[in-house]
There are 2 protein chains.
Amino acid sequence: MESDFDYTQNIVVRTDIKISKGKLSVQIAHAAVSAAEAARNTHREWWSNWLSEGQRKVALKVDHLEDLGRLKAEADRLSLPVALIEDRGLTELPPGTVTCLGIGPAPTGLVDKVTKKLQLL
Amino acid sequence: MESDFDYTQNIVVRTDIKISKGKLSVQIAHAAVSAAEAARNTHREWWSNWLSEGQRKVALKVDHLEDLGRLKAEADRLSLPVALIEDRGLTELPPGTVTCLGIGPAPTGLVDKVTKKLQLL
C-alpha cells in the first residue's frame, strides 16, 4: 500500500496521557494542518505533490514524551517539515502538555527513516 | 471559552460506521487540512486569522450519513468553506465511504449557525 504514495505525512501520538477520543482527534488534526503549513512554506513541491496524491496520512504512537522529542530531533536533522503540538490546557490536560508530532508531508522514504519502527495508533 | 476565538473550524464525524481510533483520527485530520485549504483558496482572511488565533478546532458527531449531507448543504448555503471526506477503502471501510465533514475555518458565529445543535465527539 505504501508504494502507491510517493509522499506521506505521519502523525505520532503520545499514549501516556489521558485524553478523550474527540480531544485526541483535534490534536492530530492540529498537527496535520501545522505540519502541512510548514511544508507549504519550506518544501512547496512536496506539499503540492502530497495534496495531488490525496494527502496520505498515517497515525502512529509512542509511549513517552521523550520519544516525541527524539523523533523531532531526527526529523529536524533530515530537514523535514515538522509540527510539535502543545495543548492549550483549557479542558482535559495541563497547559502546555505536548500531545503529538506531525512529520511531513515529505517523500515517504525520508519520513520512514524517522518513523519506521513505530506502531500504528 | 468560545468567546476567545473569532474563527473556528468544526469537524463533524459519523458515528454509524465502525472505524478504529487511528483511522478516525486520520479522517478528521484529512477534513481539517482539506477544509483549511478550501478556506485558503476562497476566504484567505478567515484562514489567516484562524491560523493566527491558534487554529481552534472542534470535533462533533452525528448519527447518520444523511446528517452530514444536510449540514454540508447548510454550510454551502452560507458559502462556508467545506470538505466532505470519503475514505479510500483500502483498509477498514468500503471504498467511497463518507466519514466526516470539515466546516471552516470561518467566523465562529457563521459556523455555529450550522453546527450549534450537535454534540461533541
# chains A, B, ... in the order shown; residues from 1 in each chain; ligands from 1
>>> residues_around(residues="stretch 27-36 of chain B", least_positions_apart="5", cutoff="8 Å", atoms="only C-alpha atoms", output="CSV table (one decimal) with N, CA, C and O atoms, in the first residue's frame")
chain,number,residue,atom,x,y,z
A,25,SER,N,-8.4,13.5,18.5
A,25,SER,CA,-8.6,13.8,17.1
A,25,SER,C,-8.3,15.2,16.7
A,25,SER,O,-7.7,15.5,15.7
A,26,VAL,N,-8.7,16.1,17.6
A,26,VAL,CA,-8.4,17.5,17.3
A,26,VAL,C,-6.9,17.8,17.4
A,26,VAL,O,-6.3,18.6,16.6
A,28,ILE,N,-4.5,15.7,16.7
A,28,ILE,CA,-3.9,15.1,15.5
A,28,ILE,C,-4.2,16.0,14.3
A,28,ILE,O,-3.4,16.3,13.4
A,29,ALA,N,-5.4,16.5,14.2
A,29,ALA,CA,-5.8,17.4,13.1
A,29,ALA,C,-4.9,18.7,13.2
A,29,ALA,O,-4.5,19.2,12.1
A,30,HIS,N,-4.7,19.2,14.4
A,30,HIS,CA,-3.8,20.4,14.5
A,30,HIS,C,-2.4,20.1,14.0
A,30,HIS,O,-1.8,20.9,13.3
A,32,ALA,N,-1.6,17.9,11.8
A,32,ALA,CA,-1.7,17.7,10.3
A,32,ALA,C,-1.7,19.1,9.6
A,32,ALA,O,-1.0,19.3,8.6
A,33,VAL,N,-2.5,20.0,10.1
A,33,VAL,CA,-2.6,21.3,9.5
A,33,VAL,C,-1.3,22.1,9.6
A,33,VAL,O,-0.8,22.7,8.7
A,36,ALA,N,1.6,20.5,7.6
A,36,ALA,CA,1.3,20.8,6.2
A,36,ALA,C,1.7,22.3,5.8
A,36,ALA,O,2.3,22.6,4.8
A,55,GLN,N,-3.1,13.3,-0.1
A,55,GLN,CA,-2.8,13.5,1.3
A,55,GLN,C,-2.7,12.3,2.2
A,55,GLN,O,-3.4,12.2,3.2
A,57,LYS,N,-1.9,10.1,5.0
A,57,LYS,CA,-1.6,10.4,6.5
A,57,LYS,C,-1.6,9.0,7.2
A,57,LYS,O,-2.5,8.2,7.0
B,9,GLN,N,-13.0,26.1,13.2
B,9,GLN,CA,-13.2,25.0,12.3
B,9,GLN,C,-13.9,23.9,13.0
B,9,GLN,O,-13.5,23.5,14.1
B,11,ILE,N,-15.3,19.9,12.8
B,11,ILE,CA,-15.3,18.7,12.0
B,11,ILE,C,-16.3,17.7,12.6
B,11,ILE,O,-16.3,17.4,13.8
B,13,VAL,N,-18.3,14.1,12.5
B,13,VAL,CA,-18.0,12.7,12.3
B,13,VAL,C,-19.3,11.9,12.3
B,13,VAL,O,-20.1,12.1,13.2
B,47,TRP,N,-8.9,32.3,6.8
B,47,TRP,CA,-7.9,31.3,7.0
B,47,TRP,C,-6.7,31.8,7.8
B,47,TRP,O,-6.2,31.3,8.8
B,81,PRO,N,-16.4,27.5,3.6
B,81,PRO,CA,-15.5,26.5,3.1
B,81,PRO,C,-15.8,25.2,3.8
B,81,PRO,O,-15.9,25.1,5.0
B,82,VAL,N,-15.9,24.1,3.0
B,82,VAL,CA,-16.2,22.8,3.5
B,82,VAL,C,-15.4,21.7,2.8
B,82,VAL,O,-14.9,22.0,1.7
B,83,ALA,N,-15.3,20.6,3.4
B,83,ALA,CA,-14.6,19.4,2.8
B,83,ALA,C,-15.3,18.2,3.3
B,83,ALA,O,-15.3,17.9,4.5
B,84,LEU,N,-16.0,17.5,2.4
B,84,LEU,CA,-16.6,16.2,2.7
B,84,LEU,C,-15.6,15.1,2.4
B,84,LEU,O,-15.1,15.0,1.3
B,85,ILE,N,-15.3,14.3,3.4
B,85,ILE,CA,-14.2,13.3,3.2
B,85,ILE,C,-14.7,11.9,3.0
B,85,ILE,O,-15.6,11.4,3.7
B,87,ASP,N,-13.5,7.9,2.5
B,87,ASP,CA,-12.3,7.0,2.7
B,87,ASP,C,-12.0,6.3,1.4
B,87,ASP,O,-12.9,6.0,0.6
B,99,THR,N,-16.9,9.7,5.6
B,99,THR,CA,-16.6,9.6,7.0
B,99,THR,C,-16.9,10.8,7.9
B,99,THR,O,-17.3,10.8,9.0
B,100,CYS,N,-16.6,12.0,7.3
B,100,CYS,CA,-16.7,13.2,8.1
B,100,CYS,C,-16.8,14.5,7.2
B,100,CYS,O,-16.5,14.4,6.0
B,101,LEU,N,-17.1,15.6,7.8
B,101,LEU,CA,-17.3,16.8,7.1
B,101,LEU,C,-16.5,17.9,7.9
B,101,LEU,O,-16.8,18.1,9.1
B,102,GLY,N,-15.6,18.6,7.2
B,102,GLY,CA,-15.0,19.8,7.8
B,102,GLY,C,-15.7,21.0,7.3
B,102,GLY,O,-16.0,21.2,6.2
B,103,ILE,N,-15.9,21.9,8.3
B,103,ILE,CA,-16.6,23.2,8.0
B,103,ILE,C,-15.7,24.3,8.6
B,103,ILE,O,-15.4,24.3,9.8
B,104,GLY,N,-15.3,25.2,7.7
B,104,GLY,CA,-14.4,26.3,8.2
B,104,GLY,C,-13.0,25.9,8.1
B,104,GLY,O,-12.7,24.8,7.7
B,105,PRO,N,-12.0,26.8,8.4
B,105,PRO,CA,-12.2,28.0,9.2
B,105,PRO,C,-13.1,29.1,8.6
B,105,PRO,O,-13.0,29.4,7.5
>>> select_by_dssp(residues="chain A", states="strand (DSSP E)", output="VMD selection string")
chain A and resid 7 to 14 57 to 62 82 to 86 98 to 107 119 to 120
>>> atom_distance(atom1="atom CA of A:Asp76", atom2="atom CA of A:Ala59")
19.2 Å
>>> atom_distance(atom1="atom CA of A:Ala39", atom2="atom CA of B:Trp46")
20.5 Å
>>> select_by_dssp(residues="chain A", states="helix (DSSP H, G or I)", output="JSON, numbers by chain")
{"A": [2, 3, 4, 21, 22, 23, 24, 25, 26, 27, 28, 29, 30, 31, 32, 33, 34, 35, 36, 37, 38, 39, 40, 41, 42, 44, 45, 46, 47, 48, 49, 50, 51, 52, 53, 65, 66, 67, 68, 69, 70, 71, 72, 73, 74, 75, 76, 77, 108, 109, 110, 111, 112, 113, 114, 115]}
>>> closest_residue(among="A:Leu80, A:Leu110, A:Ala75, A:Leu120", to="A:Val62", atoms="only C-alpha atoms")
A:Leu120
>>> decode(residues="stretch 13-60 of chain B", atoms="C-alpha atoms", output="compact mmCIF listing (two decimals), in the first residue's frame")
# COMPACT_ATOMS: atom_id res chain seq x y z
CA VAL B 13 -17.99 12.74 12.27
CA ARG B 14 -20.47 9.94 11.53
CA THR B 15 -20.81 7.56 14.43
CA ASP B 16 -22.76 4.91 12.49
CA ILE B 17 -19.68 3.33 10.93
CA LYS B 18 -17.20 1.03 12.60
CA ILE B 19 -13.75 2.57 12.48
CA SER B 20 -10.65 2.38 14.65
CA LYS B 21 -9.36 5.30 16.69
CA GLY B 22 -6.32 5.71 14.45
CA LYS B 23 -8.31 5.60 11.25
CA LEU B 24 -10.88 8.05 12.58
CA SER B 25 -8.13 10.46 13.60
CA VAL B 26 -6.68 10.36 10.11
CA GLN B 27 -10.10 11.04 8.55
CA ILE B 28 -10.57 14.03 10.85
CA ALA B 29 -7.09 15.31 10.04
CA HIS B 30 -7.90 14.94 6.36
CA ALA B 31 -11.04 17.03 6.80
CA ALA B 32 -9.08 19.66 8.73
CA VAL B 33 -6.40 20.04 6.05
CA SER B 34 -8.87 19.98 3.15
CA ALA B 35 -11.32 22.46 4.66
CA ALA B 36 -8.40 24.73 5.61
CA GLU B 37 -7.20 24.55 2.00
CA ALA B 38 -10.70 25.41 0.80
CA ALA B 39 -10.70 28.44 3.09
CA ARG B 40 -7.22 29.49 1.98
CA ASN B 41 -8.46 29.48 -1.61
CA THR B 42 -11.80 31.20 -1.11
CA HIS B 43 -11.64 33.16 2.18
CA ARG B 44 -7.97 33.90 2.72
CA GLU B 45 -8.55 36.39 5.52
CA TRP B 46 -10.63 33.90 7.51
CA TRP B 47 -7.91 31.28 7.03
CA SER B 48 -5.12 33.66 8.01
CA ASN B 49 -6.92 34.96 11.10
CA TRP B 50 -7.79 31.43 12.19
CA LEU B 51 -4.15 30.37 11.96
CA SER B 52 -3.06 33.47 13.90
CA GLU B 53 -5.54 32.72 16.66
CA GLY B 54 -4.21 29.20 17.06
CA GLN B 55 -6.49 27.17 14.79
CA ARG B 56 -9.44 26.46 17.00
CA LYS B 57 -10.97 23.11 16.05
CA VAL B 58 -13.95 21.29 17.50
CA ALA B 59 -14.87 17.67 16.75
CA LEU B 60 -18.61 16.96 16.72
